[in-house]
>>> print(open('query_36.pdb').read())   # PDB, C-alpha atoms and all ligand atoms
MODEL        1
ATOM      1  CA  MET V   1      88.445 325.559-105.127
ATOM      2  CA  ASP V   2      89.992 324.364-101.899
ATOM      3  CA  VAL V   3      93.598 323.590-102.642
ATOM      4  CA  SER V   4      93.912 321.150 -99.740
ATOM      5  CA  ARG V   5      91.514 318.870-101.602
ATOM      6  CA  LEU V   6      94.137 318.539-104.283
ATOM      7  CA  GLN V   7      96.365 316.635-101.895
ATOM      8  CA  VAL V   8      97.263 313.132-103.003
ATOM      9  CA  LYS V   9      98.266 310.298-100.749
ATOM     10  CA  PRO V  10     101.998 310.700 -99.957
ATOM     11  CA  LEU V  11     104.258 308.751-102.266
ATOM     12  CA  SER V  12     105.934 305.972-100.316
ATOM     13  CA  GLY V  13     107.552 303.785-102.949
ATOM     14  CA  GLU V  14     107.324 301.963-106.222
ATOM     15  CA  SER V  15     104.102 300.197-105.271
ATOM     16  CA  ASP V  16     102.059 303.384-105.263
ATOM     17  CA  TRP V  17     104.188 305.234-107.809
ATOM     18  CA  PRO V  18     102.040 304.647-110.946
ATOM     19  CA  LEU V  19      98.824 305.819-109.291
ATOM     20  CA  TRP V  20     100.563 308.663-107.521
ATOM     21  CA  ARG V  21     102.111 309.914-110.767
ATOM     22  CA  TYR V  22      98.779 309.760-112.512
ATOM     23  CA  LYS V  23      96.977 311.741-109.822
ATOM     24  CA  PHE V  24      99.833 314.080-109.181
ATOM     25  CA  LYS V  25      99.876 315.387-112.725
ATOM     26  CA  PHE V  26      96.436 316.865-112.100
ATOM     27  CA  VAL V  27      97.711 318.579-108.973
ATOM     28  CA  LEU V  28     100.617 320.035-110.924
ATOM     29  CA  ASN V  29      98.360 321.069-113.709
ATOM     30  CA  TYR V  30      96.145 322.947-111.289
ATOM     31  CA  HIS V  31      98.956 325.253-110.253
ATOM     32  CA  ALA V  32     100.195 327.685-112.868
ATOM     33  CA  ASP V  33     103.299 326.548-114.768
ATOM     34  CA  THR V  34     104.302 323.831-112.292
ATOM     35  CA  LEU V  35     103.695 320.955-114.717
ATOM     36  CA  GLU V  36     105.811 322.798-117.263
ATOM     37  CA  VAL V  37     108.609 323.111-114.707
ATOM     38  CA  VAL V  38     108.713 319.411-113.801
ATOM     39  CA  GLU V  39     108.430 318.362-117.431
ATOM     40  CA  GLY V  40     111.292 320.677-118.346
ATOM     41  CA  LYS V  41     109.213 322.826-120.686
ATOM     42  CA  LEU V  42     109.722 325.842-118.458
ATOM     43  CA  GLN V  43     113.381 326.181-117.674
ATOM     44  CA  LYS V  44     115.432 328.635-115.759
ATOM     45  CA  PRO V  45     116.216 331.475-118.185
ATOM     46  CA  SER V  46     119.849 331.877-119.016
ATOM     47  CA  GLN V  47     121.469 335.062-117.881
ATOM     48  CA  PRO V  48     121.840 337.650-120.647
ATOM     49  CA  HIS V  49     125.432 338.468-121.526
ATOM     50  CA  GLU V  50     126.947 341.699-120.445
ATOM     51  CA  GLY V  51     125.936 344.744-122.360
ATOM     52  CA  ALA V  52     122.505 343.432-123.165
ATOM     53  CA  ASN V  53     119.885 346.045-123.686
ATOM     54  CA  GLU V  54     117.347 347.170-121.162
ATOM     55  CA  ALA V  55     114.478 345.227-122.687
ATOM     56  CA  THR V  56     116.386 341.958-122.624
ATOM     57  CA  LEU V  57     117.321 342.455-118.998
ATOM     58  CA  GLU V  58     113.747 343.274-118.148
ATOM     59  CA  LYS V  59     112.492 340.159-119.908
ATOM     60  CA  TYR V  60     115.102 338.028-118.121
ATOM     61  CA  LYS V  61     114.046 339.334-114.754
ATOM     62  CA  LYS V  62     110.425 338.656-115.546
ATOM     63  CA  ASP V  63     111.108 335.130-116.806
ATOM     64  CA  LEU V  64     113.312 334.346-113.835
ATOM     65  CA  MET V  65     110.626 335.531-111.433
ATOM     66  CA  CYS V  66     108.052 333.436-113.238
ATOM     67  CA  TYR V  67     110.297 330.381-113.183
ATOM     68  CA  LYS V  68     111.198 330.805-109.515
ATOM     69  CA  LYS V  69     107.552 331.116-108.576
ATOM     70  CA  ALA V  70     106.585 328.043-110.560
ATOM     71  CA  ASN V  71     109.567 326.039-109.308
ATOM     72  CA  THR V  72     108.888 326.928-105.667
ATOM     73  CA  CYS V  73     105.284 325.934-106.134
ATOM     74  CA  ALA V  74     106.337 322.660-107.776
ATOM     75  CA  MET V  75     108.766 321.911-104.952
ATOM     76  CA  MET V  76     106.107 322.705-102.362
ATOM     77  CA  VAL V  77     103.486 320.407-103.819
ATOM     78  CA  LEU V  78     106.052 317.693-104.508
ATOM     79  CA  THR V  79     107.507 317.645-101.010
ATOM     80  CA  ASN V  80     104.047 317.828 -99.467
ATOM     81  CA  SER V  81     102.977 314.751-101.388
ATOM     82  CA  MET V  82     105.608 312.264-100.349
ATOM     83  CA  THR V  83     106.583 310.430 -97.208
ATOM     84  CA  GLU V  84     109.635 311.498 -95.265
ATOM     85  CA  GLU V  85     111.381 308.370 -96.393
ATOM     86  CA  THR V  86     110.912 309.295-100.037
ATOM     87  CA  MET V  87     111.928 312.860 -99.306
ATOM     88  CA  GLN V  88     115.249 311.652 -97.913
ATOM     89  CA  LYS V  89     116.030 310.312-101.366
ATOM     90  CA  ILE V  90     115.474 313.604-103.206
ATOM     91  CA  ILE V  91     116.671 316.018-100.576
ATOM     92  CA  ARG V  92     119.791 316.956-102.550
ATOM     93  CA  PHE V  93     117.829 318.426-105.454
ATOM     94  CA  GLU V  94     116.693 322.016-105.598
ATOM     95  CA  ASN V  95     114.453 322.199-108.586
ATOM     96  CA  GLY V  96     111.267 320.445-109.527
ATOM     97  CA  ARG V  97     112.611 319.043-112.792
ATOM     98  CA  GLU V  98     115.486 317.241-111.041
ATOM     99  CA  VAL V  99     113.186 315.847-108.358
ATOM    100  CA  TRP V 100     110.734 314.649-110.990
ATOM    101  CA  LEU V 101     113.485 312.894-112.957
ATOM    102  CA  GLU V 102     114.891 311.350-109.797
ATOM    103  CA  LEU V 103     111.491 309.980-108.816
ATOM    104  CA  HIS V 104     111.190 308.376-112.237
ATOM    105  CA  LYS V 105     114.635 306.913-111.845
ATOM    106  CA  LEU V 106     113.805 305.538-108.397
ATOM    107  CA  PHE V 107     110.365 304.094-108.953
ATOM    108  CA  GLU V 108     109.803 303.554-112.644
ATOM    109  CA  VAL V 109     110.094 299.909-113.527
ATOM    110  CA  HIS V 110     112.387 299.507-116.460
ATOM    111  CA  MET V 111     111.571 296.491-118.520
ATOM    112  CA  GLU V 112     113.504 295.180-121.386
ATOM    113  CA  VAL V 113     112.439 292.371-123.656
ATOM    114  CA  LEU V 114     115.158 289.794-123.901
ATOM    115  CA  ILE V 115     114.855 287.181-126.563
ATOM    116  CA  PRO V 116     117.142 284.315-125.661
ATOM    117  CA  ASN V 117     119.106 282.527-128.350
ATOM    118  CA  ASN V 118     118.087 279.102-127.156
ATOM    119  CA  PRO V 119     114.550 278.228-126.187
ATOM    120  CA  ILE V 120     114.101 278.088-122.444
ATOM    121  CA  GLU V 121     112.311 275.173-120.838
ATOM    122  CA  VAL V 122     109.815 276.086-118.177
ATOM    123  CA  ASN V 123     108.133 273.439-116.084
ATOM    124  CA  LEU V 124     104.804 274.318-114.606
ATOM    125  CA  VAL V 125     102.876 272.241-112.148
ATOM    126  CA  THR V 126      99.196 272.748-112.628
ATOM    127  CA  SER V 127      97.661 269.468-111.660
ATOM    128  CA  ASP V 128      95.165 269.547-108.807
ATOM    129  CA  ASP V 129      96.472 266.299-107.486
ATOM    130  CA  SER V 130      99.989 267.639-106.891
ATOM    131  CA  LEU V 131      98.589 270.629-105.023
ATOM    132  CA  LEU V 132      96.619 268.334-102.771
ATOM    133  CA  GLN V 133      99.717 266.195-102.227
ATOM    134  CA  LEU V 134     101.735 269.307-101.356
ATOM    135  CA  TYR V 135      99.263 270.490 -98.733
ATOM    136  CA  TYR V 136      98.796 266.920 -97.550
ATOM    137  CA  GLU V 137     102.514 266.626 -96.837
ATOM    138  CA  ARG V 138     102.726 270.088 -95.299
ATOM    139  CA  TRP V 139      99.893 269.281 -92.930
ATOM    140  CA  GLY V 140     101.544 266.134 -91.652
ATOM    141  CA  HIS V 141      99.859 263.532 -93.855
ATOM    142  CA  GLN V 142      96.328 264.103 -92.680
ATOM    143  CA  ASP V 143      93.420 262.336 -94.281
ATOM    144  CA  LYS V 144      93.195 263.465 -97.911
ATOM    145  CA  ARG V 145      89.424 263.840 -97.719
ATOM    146  CA  HIS V 146      89.896 266.128 -94.740
ATOM    147  CA  MET V 147      92.564 268.088 -96.642
ATOM    148  CA  LYS V 148      90.211 268.453 -99.580
ATOM    149  CA  SER V 149      87.467 269.996 -97.474
ATOM    150  CA  LEU V 150      90.007 272.158 -95.619
ATOM    151  CA  LEU V 151      91.402 273.558 -98.875
ATOM    152  CA  ASN V 152      87.898 274.154-100.137
ATOM    153  CA  HIS V 153      86.663 275.970 -97.035
ATOM    154  CA  GLU V 154      89.746 277.823 -95.898
ATOM    155  CA  LEU V 155      91.540 278.671 -99.142
ATOM    156  CA  ASN V 156      88.749 278.226-101.648
ATOM    157  CA  ILE V 157      90.855 275.821-103.692
ATOM    158  CA  GLN V 158      89.072 272.992-105.435
ATOM    159  CA  VAL V 159      91.049 269.777-105.674
ATOM    160  CA  ASN V 160      90.294 266.245-106.703
ATOM    161  CA  ILE V 161      91.424 263.162-104.862
ATOM    162  CA  GLN V 162      93.085 260.950-107.428
ATOM    163  CA  ASP V 163      94.822 258.473-105.217
ATOM    164  CA  GLU V 164      94.282 257.962-101.513
ATOM    165  CA  LEU V 165      97.325 255.781-100.996
ATOM    166  CA  CYS V 166     100.528 257.279 -99.648
ATOM    167  CA  GLU V 167     103.593 255.071 -99.482
ATOM    168  CA  ALA V 168     105.120 256.924 -96.534
ATOM    169  CA  CYS V 169     101.909 256.540 -94.552
ATOM    170  CA  ILE V 170     101.679 252.842 -95.300
ATOM    171  CA  TYR V 171     105.153 252.296 -93.900
ATOM    172  CA  GLY V 172     104.769 254.765 -91.068
ATOM    173  CA  LYS V 173     101.446 253.508 -89.772
ATOM    174  CA  ALA V 174     102.165 249.821 -90.128
ATOM    175  CA  HIS V 175     101.869 247.800 -86.934
ATOM    176  CA  ARG V 176     103.320 244.536 -85.836
ATOM    177  CA  LEU V 177     100.996 241.650 -86.055
ATOM    178  CA  SER V 178      99.605 240.487 -82.771
ATOM    179  CA  PHE V 179     101.615 237.849 -80.920
ATOM    180  CA  GLY V 180      98.488 235.977 -80.123
ATOM    181  CA  SER V 181      97.803 234.609 -76.682
ATOM    182  CA  ARG V 182     100.041 232.171 -74.893
ATOM    183  CA  ASN V 183      98.657 228.860 -73.757
ATOM    184  CA  ASN V 184      97.971 228.987 -70.081
ATOM    185  CA  CYS V 185     100.103 226.815 -67.871
ATOM    186  CA  SER V 186      98.489 224.238 -65.689
ATOM    187  CA  SER V 187     101.141 223.582 -63.055
ATOM    188  CA  HIS V 188     103.985 225.142 -61.092
ATOM    189  CA  GLY V 189     107.285 225.419 -62.891
ATOM    190  CA  GLU V 190     105.859 224.694 -66.307
ATOM    191  CA  LEU V 191     107.104 227.968 -67.663
ATOM    192  CA  ILE V 192     109.558 230.305 -65.962
ATOM    193  CA  PHE V 193     110.522 233.690 -67.250
ATOM    194  CA  ALA V 194     113.958 235.023 -66.459
ATOM    195  CA  ASP V 195     115.558 238.385 -67.052
ATOM    196  CA  VAL V 196     118.475 240.398 -65.745
ATOM    197  CA  CYS V 197     118.279 244.089 -65.013
ATOM    198  CA  GLY V 198     121.117 246.527 -64.458
ATOM    199  CA  PRO V 199     123.729 247.779 -64.009
ATOM    200  CA  PHE V 200     122.708 250.178 -61.265
ATOM    201  CA  ASP V 201     124.824 252.167 -58.834
ATOM    202  CA  LYS V 202     126.626 249.751 -56.567
ATOM    203  CA  SER V 203     124.714 248.967 -53.398
ATOM    204  CA  PHE V 204     126.223 248.823 -49.916
ATOM    205  CA  ARG V 205     126.966 245.145 -50.502
ATOM    206  CA  ARG V 206     128.265 245.900 -53.979
ATOM    207  CA  PHE V 207     125.329 244.465 -55.862
ATOM    208  CA  GLN V 208     124.861 245.977 -59.279
ATOM    209  CA  TYR V 209     122.287 243.769 -61.008
ATOM    210  CA  PHE V 210     119.294 241.691 -60.164
ATOM    211  CA  VAL V 211     117.754 238.707 -61.880
ATOM    212  CA  VAL V 212     114.053 237.925 -61.779
ATOM    213  CA  PHE V 213     112.559 234.454 -62.134
ATOM    214  CA  LYS V 214     108.843 234.373 -62.503
ATOM    215  CA  ASP V 215     106.609 231.349 -62.596
ATOM    216  CA  GLN V 216     103.889 231.733 -65.209
ATOM    217  CA  PHE V 217     101.358 229.569 -63.348
ATOM    218  CA  THR V 218     101.569 230.954 -59.816
ATOM    219  CA  LYS V 219     102.995 234.351 -60.783
ATOM    220  CA  PHE V 220     105.448 233.785 -57.951
ATOM    221  CA  ARG V 221     108.572 235.797 -58.379
ATOM    222  CA  TYR V 222     112.058 235.297 -57.121
ATOM    223  CA  VAL V 223     114.650 238.042 -57.156
ATOM    224  CA  PHE V 224     118.377 237.536 -56.746
ATOM    225  CA  PHE V 225     120.829 240.377 -56.437
ATOM    226  CA  LEU V 226     124.054 239.966 -58.366
ATOM    227  CA  LYS V 227     127.467 241.544 -58.198
ATOM    228  CA  GLN V 228     128.142 240.760 -61.819
ATOM    229  CA  LYS V 229     126.157 239.411 -64.728
ATOM    230  CA  SER V 230     127.955 236.115 -64.759
ATOM    231  CA  ASP V 231     126.393 235.326 -61.368
ATOM    232  CA  VAL V 232     123.168 234.521 -63.220
ATOM    233  CA  ALA V 233     124.232 230.871 -63.495
ATOM    234  CA  SER V 234     124.599 230.424 -59.735
ATOM    235  CA  ALA V 235     121.359 232.311 -59.105
ATOM    236  CA  LEU V 236     119.558 229.984 -61.515
ATOM    237  CA  GLN V 237     121.041 226.946 -59.785
ATOM    238  CA  GLU V 238     119.941 228.264 -56.439
ATOM    239  CA  PHE V 239     116.449 228.994 -57.720
ATOM    240  CA  LEU V 240     115.984 225.553 -59.286
ATOM    241  CA  ALA V 241     117.319 223.834 -56.180
ATOM    242  CA  TYR V 242     114.848 225.751 -54.067
ATOM    243  CA  ALA V 243     111.976 224.879 -56.450
ATOM    244  CA  THR V 244     112.927 221.195 -56.416
ATOM    245  CA  ASN V 245     113.000 221.263 -52.654
ATOM    246  CA  LEU V 246     109.399 222.447 -52.701
ATOM    247  CA  ASP V 247     108.431 219.550 -54.982
ATOM    248  CA  HIS V 248     108.034 221.715 -58.059
ATOM    249  CA  ILE V 249     109.516 220.603 -61.332
ATOM    250  CA  ALA V 250     110.790 223.317 -63.649
ATOM    251  CA  LYS V 251     110.158 222.373 -67.263
ATOM    252  CA  GLU V 252     110.980 225.393 -69.367
ATOM    253  CA  VAL V 253     112.903 228.612 -68.857
ATOM    254  CA  ILE V 254     112.514 231.574 -71.165
ATOM    255  CA  GLY V 255     115.463 233.919 -70.954
ATOM    256  CA  ALA V 256     115.929 237.242 -72.657
ATOM    257  CA  ASN V 257     118.243 236.920 -75.600
ATOM    258  CA  ARG V 258     121.302 238.145 -73.765
ATOM    259  CA  GLU V 259     124.728 236.798 -73.228
ATOM    260  CA  GLU V 260     124.049 236.117 -69.535
ATOM    261  CA  PHE V 261     121.642 233.229 -70.258
ATOM    262  CA  ASP V 262     123.250 231.956 -73.415
ATOM    263  CA  LYS V 263     126.281 230.576 -71.590
ATOM    264  CA  LYS V 264     127.737 227.132 -71.720
ATOM    265  CA  GLU V 265     127.588 226.874 -67.945
ATOM    266  CA  VAL V 266     123.872 227.710 -67.848
ATOM    267  CA  ARG V 267     123.070 225.488 -70.823
ATOM    268  CA  MET V 268     124.865 222.482 -69.355
ATOM    269  CA  PHE V 269     123.248 222.910 -65.980
ATOM    270  CA  LEU V 270     119.733 223.144 -67.446
ATOM    271  CA  LYS V 271     120.417 220.217 -69.714
ATOM    272  CA  LYS V 272     121.372 218.081 -66.741
ATOM    273  CA  LYS V 273     118.183 219.064 -64.981
ATOM    274  CA  GLY V 274     116.159 218.281 -68.104
ATOM    275  CA  VAL V 275     114.910 221.861 -68.338
ATOM    276  CA  VAL V 276     114.264 223.285 -71.791
ATOM    277  CA  GLU V 277     115.886 226.659 -72.345
ATOM    278  CA  ARG V 278     114.449 229.128 -74.797
ATOM    279  CA  PHE V 279     115.498 232.613 -75.801
ATOM    280  CA  THR V 280     113.415 235.448 -77.032
ATOM    281  CA  ALA V 281     114.047 236.917 -80.465
ATOM    282  CA  PRO V 282     116.040 240.155 -80.503
ATOM    283  CA  TYR V 283     113.997 243.365 -80.057
ATOM    284  CA  THR V 284     110.881 241.466 -79.033
ATOM    285  CA  PRO V 285     110.583 241.967 -75.283
ATOM    286  CA  GLU V 286     106.918 240.950 -75.653
ATOM    287  CA  GLN V 287     108.049 237.356 -75.834
ATOM    288  CA  ASN V 288     109.478 237.682 -72.363
ATOM    289  CA  GLY V 289     106.491 239.682 -71.136
ATOM    290  CA  GLY V 290     106.349 237.955 -67.753
ATOM    291  CA  SER V 291     109.707 239.066 -66.455
ATOM    292  CA  GLU V 292     109.765 242.389 -68.313
ATOM    293  CA  ARG V 293     106.569 243.360 -66.519
ATOM    294  CA  GLU V 294     108.059 242.240 -63.203
ATOM    295  CA  ILE V 295     111.129 244.377 -63.764
ATOM    296  CA  GLY V 296     108.898 247.318 -64.620
ATOM    297  CA  LEU V 297     107.057 246.830 -61.322
ATOM    298  CA  LEU V 298     110.185 246.261 -59.251
ATOM    299  CA  LEU V 299     111.788 249.437 -60.548
ATOM    300  CA  LYS V 300     108.599 251.404 -59.938
ATOM    301  CA  TRP V 301     108.013 250.293 -56.359
ATOM    302  CA  PRO V 302     110.795 252.278 -54.705
ATOM    303  CA  GLU V 303     109.187 255.410 -56.141
ATOM    304  CA  TYR V 304     105.917 254.874 -54.285
TER     305      TYR V 304
HETATM  306 ZN    ZN Q 401     101.200 260.098 -96.217
ENDMDL
END
>>> encode(input="query_36.pdb", output="structure tokens", more="lines below")
Ligand SMILES: [Zn+2]
Amino acid sequence: MDVSRLQVKPLSGESDWPLWRYKFKFVLNYHADTLEVVEGKLQKPSQPHEGANEATLEKYKKDLMCYKKANTCAMMVLTNSMTEETMQKIIRFENGREVWLELHKLFEVHMEVLIPNNPIEVNLVTSDDSLLQLYYERWGHQDKRHMKSLLNHELNIQVNIQDELCEACIYGKAHRLSFGSRNNCSSHGELIFADVCGPFDKSFRRFQYFVVFKDQFTKFRYVFFLKQKSDVASALQEFLAYATNLDHIAKEVIGANREEFDKKEVRMFLKKKGVVERFTAPYTPEQNGGSEREIGLLLKWPEY
């Protein structure tokens, strides 16, 4: 029989230890006395005391030779059947029995049954629905029907859709209701949007802001540059004076809800002119769409 065929896959750790041990016993058994050496049945003979007779000495020598041969053989097959990493762990031992015991110590799983005094509560999640929810959340709240088919095809997990509603999704995907469409104006000055933009870096003439007035009917825009926000009032006066001069009557001004338009000075002036002043609600720039769009355009133009 070819001895090389007796080779087992090198022992690398506790994962392959049970199989390795099982196979390796046959290898040891194949060689004379090696299994006995590792199992401790064949031990190194103890040296006879001085003055022992010739026959005893002879027997000792014979036994020692037999043991040495078997031990060397055991060490050879052992070290040839383990990875270098495993060998590092047993390198300090010189006989097969010690190596065998050390391997058991290293890789044998010791289990002990512990019976606790108090009953232990264990919570297990087994419901299909929770598994679907888990994967649904991990995959960024995708459609549950999509998740179901994904789990089925990719992971071979069968789940049932119990509830398609997800509170987080309802909140997260909610939209604002439409503002509806504004009634179209029929004459100049009927509705004027106004908004201030800035501050920017100071210009050569120390302007830092600009205010836009836009007529809803003609889409005509007027831009005034301001040194400070409070100059809005004078810009508005100037704008209305200019409009009046052109025979246009301003009826309503919509200003962004900012402190620059909501000033006593501005209010009084508009009141005198009979112009209605309105403000947009906070965080709803859509209400002041006319001038917001203008500002967007004005800021974009220098880039072209
Ligand atoms: Zn969701």
>>> closest_residue(input="query_36.pdb", among="V:Tyr171, V:Tyr22, V:Phe107, V:Phe93", to="ligand ZN 401 (chain Q)", atoms="only C-alpha atoms and all ligand atoms")
V:Tyr171
>>> closest_residue(input="query_36.pdb", among="V:Glu190, V:Glu277, V:Asp195, V:Glu14", to="Ile249 of chain V", atoms="all atoms listed in the file")
V:Glu190
>>> resolve_selection(input="query_36.pdb", expression="the PyMOL selection byres (((chain V and resi 47) around 10) and not hetatm)", output="number ranges by chain")
V: 44-46, 48-50, 52, 56-57, 60-61, 64
>>> resolve_selection(input="query_36.pdb", expression="the PyMOL selection byres (((not hetatm)) within 6 of (chain Q and resi 401))", output="PyMOL selection string")
chain V and resi 141+166+168-169
>>> atom_distance(input="query_36.pdb", atom1="atom CA of Ala256 of chain V", atom2="atom CA of Thr280 of chain V")
5.4 Å
>>> resolve_selection(input="query_36.pdb", expression="the PyMOL selection byres (((chain V and resi 231) around 12) and not hetatm)", output="list in words")
Val196, Phe207, Gln208, Tyr209, Phe210, Val211, Phe224, Phe225, Leu226, Lys227, Gln228, Lys229, Ser230, Val232, Ala233, Ser234, Ala235, Leu236, Gln237, Glu238, Glu260, Phe261, Lys263, Glu265 and Val266 of chain V
>>> write_last_selection(input="query_36.pdb", atoms="C-alpha atoms", output="PDB file, keeping the file's coordinate frame")
ATOM      1  CA  VAL V 196     118.475 240.398 -65.745  1.00  0.00           C
ATOM      2  CA  PHE V 207     125.329 244.465 -55.862  1.00  0.00           C
ATOM      3  CA  GLN V 208     124.861 245.977 -59.279  1.00  0.00           C
ATOM      4  CA  TYR V 209     122.287 243.769 -61.008  1.00  0.00           C
ATOM      5  CA  PHE V 210     119.294 241.691 -60.164  1.00  0.00           C
ATOM      6  CA  VAL V 211     117.754 238.707 -61.880  1.00  0.00           C
ATOM      7  CA  PHE V 224     118.377 237.536 -56.746  1.00  0.00           C
ATOM      8  CA  PHE V 225     120.829 240.377 -56.437  1.00  0.00           C
ATOM      9  CA  LEU V 226     124.054 239.966 -58.366  1.00  0.00           C
ATOM     10  CA  LYS V 227     127.467 241.544 -58.198  1.00  0.00           C
ATOM     11  CA  GLN V 228     128.142 240.760 -61.819  1.00  0.00           C
ATOM     12  CA  LYS V 229     126.157 239.411 -64.728  1.00  0.00           C
ATOM     13  CA  SER V 230     127.955 236.115 -64.759  1.00  0.00           C
ATOM     14  CA  VAL V 232     123.168 234.521 -63.220  1.00  0.00           C
ATOM     15  CA  ALA V 233     124.232 230.871 -63.495  1.00  0.00           C
ATOM     16  CA  SER V 234     124.599 230.424 -59.735  1.00  0.00           C
ATOM     17  CA  ALA V 235     121.359 232.311 -59.105  1.00  0.00           C
ATOM     18  CA  LEU V 236     119.558 229.984 -61.515  1.00  0.00           C
ATOM     19  CA  GLN V 237     121.041 226.946 -59.785  1.00  0.00           C
ATOM     20  CA  GLU V 238     119.941 228.264 -56.439  1.00  0.00           C
ATOM     21  CA  GLU V 260     124.049 236.117 -69.535  1.00  0.00           C
ATOM     22  CA  PHE V 261     121.642 233.229 -70.258  1.00  0.00           C
ATOM     23  CA  LYS V 263     126.281 230.576 -71.590  1.00  0.00           C
ATOM     24  CA  GLU V 265     127.588 226.874 -67.945  1.00  0.00           C
ATOM     25  CA  VAL V 266     123.872 227.710 -67.848  1.00  0.00           C
TER      26      VAL V 266
END
>>> residues_around(input="query_36.pdb", residues="segment 81-83 of chain V", least_positions_apart="2", cutoff="6 Å", atoms="all atoms listed in the file", output="ChimeraX atom specification")
/V:10-12,78-79,85-86
>>> write_last_selection(input="query_36.pdb", atoms="C-alpha atoms", output="PDB file, in the frame of the given file")
ATOM      1  CA  PRO V  10     101.998 310.700 -99.957  1.00  0.00           C
ATOM      2  CA  LEU V  11     104.258 308.751-102.266  1.00  0.00           C
ATOM      3  CA  SER V  12     105.934 305.972-100.316  1.00  0.00           C
ATOM      4  CA  LEU V  78     106.052 317.693-104.508  1.00  0.00           C
ATOM      5  CA  THR V  79     107.507 317.645-101.010  1.00  0.00           C
ATOM      6  CA  GLU V  85     111.381 308.370 -96.393  1.00  0.00           C
ATOM      7  CA  THR V  86     110.912 309.295-100.037  1.00  0.00           C
TER       8      THR V  86
END
>>> closest_residue(input="query_36.pdb", among="V:Leu103, V:Val253, V:Leu270, V:Leu42", to="Gln88 of chain V", atoms="only C-alpha atoms")
V:Leu103
>>> residues_around(input="query_36.pdb", residues="Lys251 of chain V", least_positions_apart="4", cutoff="7 Å", atoms="only C-alpha atoms", output="MDAnalysis selection string")
chainID V and resid 189:191 275:276
>>> atom_distance(input="query_36.pdb", atom1="atom CA of Tyr67 of chain V", atom2="atom CA of Gly40 of chain V")
11.0 Å
>>> residues_around(input="query_36.pdb", residues="Ala32 of chain V", least_positions_apart="3", cutoff="9 Å", atoms="all atoms listed in the file", output="MDAnalysis selection string")
chainID V and resid 28:29 35:36 70 73
>>> closest_residue(input="query_36.pdb", among="V:Ala55, V:Glu286, V:Leu240, V:Gly13", to="Leu177 of chain V", atoms="only C-alpha atoms")
V:Glu286
>>> axis_aligned_box(input="query_36.pdb", around="segment 187-203 of chain V", padding_each_side="8 Å", output="JSON")
{"center_x": 113.9, "center_y": 237.9, "center_z": -60.5, "size_x": 41.5, "size_y": 44.6, "size_z": 30.3}
>>> atom_distance(input="query_36.pdb", atom1="atom CA of Ala250 of chain V", atom2="atom CA of Val212 of chain V")
15.1 Å
>>> closest_residue(input="query_36.pdb", among="V:Arg205, V:Glu98, V:Glu252, V:Trp20", to="Lys271 of chain V", atoms="all atoms listed in the file")
V:Glu252
>>> residues_around(input="query_36.pdb", residues="Lys69 of chain V", least_positions_apart="6", cutoff="12 Å", atoms="all atoms listed in the file", output="number ranges by chain")
V: 31-34, 37, 42-44, 62-63, 75-76, 95-96
>>> write_last_selection(input="query_36.pdb", atoms="C-alpha atoms", output="mmCIF file, keeping the file's coordinate frame")
data_model
loop_
_atom_site.group_PDB
_atom_site.id
_atom_site.type_symbol
_atom_site.label_atom_id
_atom_site.label_comp_id
_atom_site.auth_asym_id
_atom_site.auth_seq_id
_atom_site.Cartn_x
_atom_site.Cartn_y
_atom_site.Cartn_z
ATOM 1 C CA HIS V 31 98.956 325.253 -110.253
ATOM 2 C CA ALA V 32 100.195 327.685 -112.868
ATOM 3 C CA ASP V 33 103.299 326.548 -114.768
ATOM 4 C CA THR V 34 104.302 323.831 -112.292
ATOM 5 C CA VAL V 37 108.609 323.111 -114.707
ATOM 6 C CA LEU V 42 109.722 325.842 -118.458
ATOM 7 C CA GLN V 43 113.381 326.181 -117.674
ATOM 8 C CA LYS V 44 115.432 328.635 -115.759
ATOM 9 C CA LYS V 62 110.425 338.656 -115.546
ATOM 10 C CA ASP V 63 111.108 335.130 -116.806
ATOM 11 C CA MET V 75 108.766 321.911 -104.952
ATOM 12 C CA MET V 76 106.107 322.705 -102.362
ATOM 13 C CA ASN V 95 114.453 322.199 -108.586
ATOM 14 C CA GLY V 96 111.267 320.445 -109.527
#
>>> closest_residue(input="query_36.pdb", among="V:Asn183, V:Asn80, V:Asn53, V:Gln142", to="Gln216 of chain V", atoms="all atoms listed in the file")
V:Asn183
>>> residues_around(input="query_36.pdb", residues="His146 of chain V", least_positions_apart="4", cutoff="12 Å", atoms="all atoms listed in the file", output="PyMOL selection string")
chain V and resi 132+135-136+139+141-142+150-154+159-161+164
>>> decode(input="query_36.pdb", residues="segment 60-78 of chain V", atoms="C-alpha atoms", output="mmCIF file, in the first residue's frame")
data_model
loop_
_atom_site.group_PDB
_atom_site.id
_atom_site.type_symbol
_atom_site.label_atom_id
_atom_site.label_comp_id
_atom_site.auth_asym_id
_atom_site.auth_seq_id
_atom_site.Cartn_x
_atom_site.Cartn_y
_atom_site.Cartn_z
ATOM 1 C CA TYR V 60 14.663 -2.305 28.541
ATOM 2 C CA LYS V 61 16.828 -1.657 25.532
ATOM 3 C CA LYS V 62 14.413 -3.503 23.306
ATOM 4 C CA ASP V 63 11.369 -1.684 24.688
ATOM 5 C CA LEU V 64 13.090 1.674 24.439
ATOM 6 C CA MET V 65 14.022 1.014 20.822
ATOM 7 C CA CYS V 66 10.467 -0.018 20.068
ATOM 8 C CA TYR V 67 9.064 3.063 21.775
ATOM 9 C CA LYS V 68 11.506 5.422 20.067
ATOM 10 C CA LYS V 69 10.667 3.966 16.683
ATOM 11 C CA ALA V 70 6.941 4.247 17.278
ATOM 12 C CA ASN V 71 7.228 7.743 18.753
ATOM 13 C CA THR V 72 9.356 9.005 15.858
ATOM 14 C CA CYS V 73 6.857 7.559 13.437
ATOM 15 C CA ALA V 74 3.983 9.177 15.345
ATOM 16 C CA MET V 75 5.755 12.538 15.362
ATOM 17 C CA MET V 76 6.484 12.248 11.647
ATOM 18 C CA VAL V 77 2.917 11.528 10.634
ATOM 19 C CA LEU V 78 1.560 14.112 13.064
#
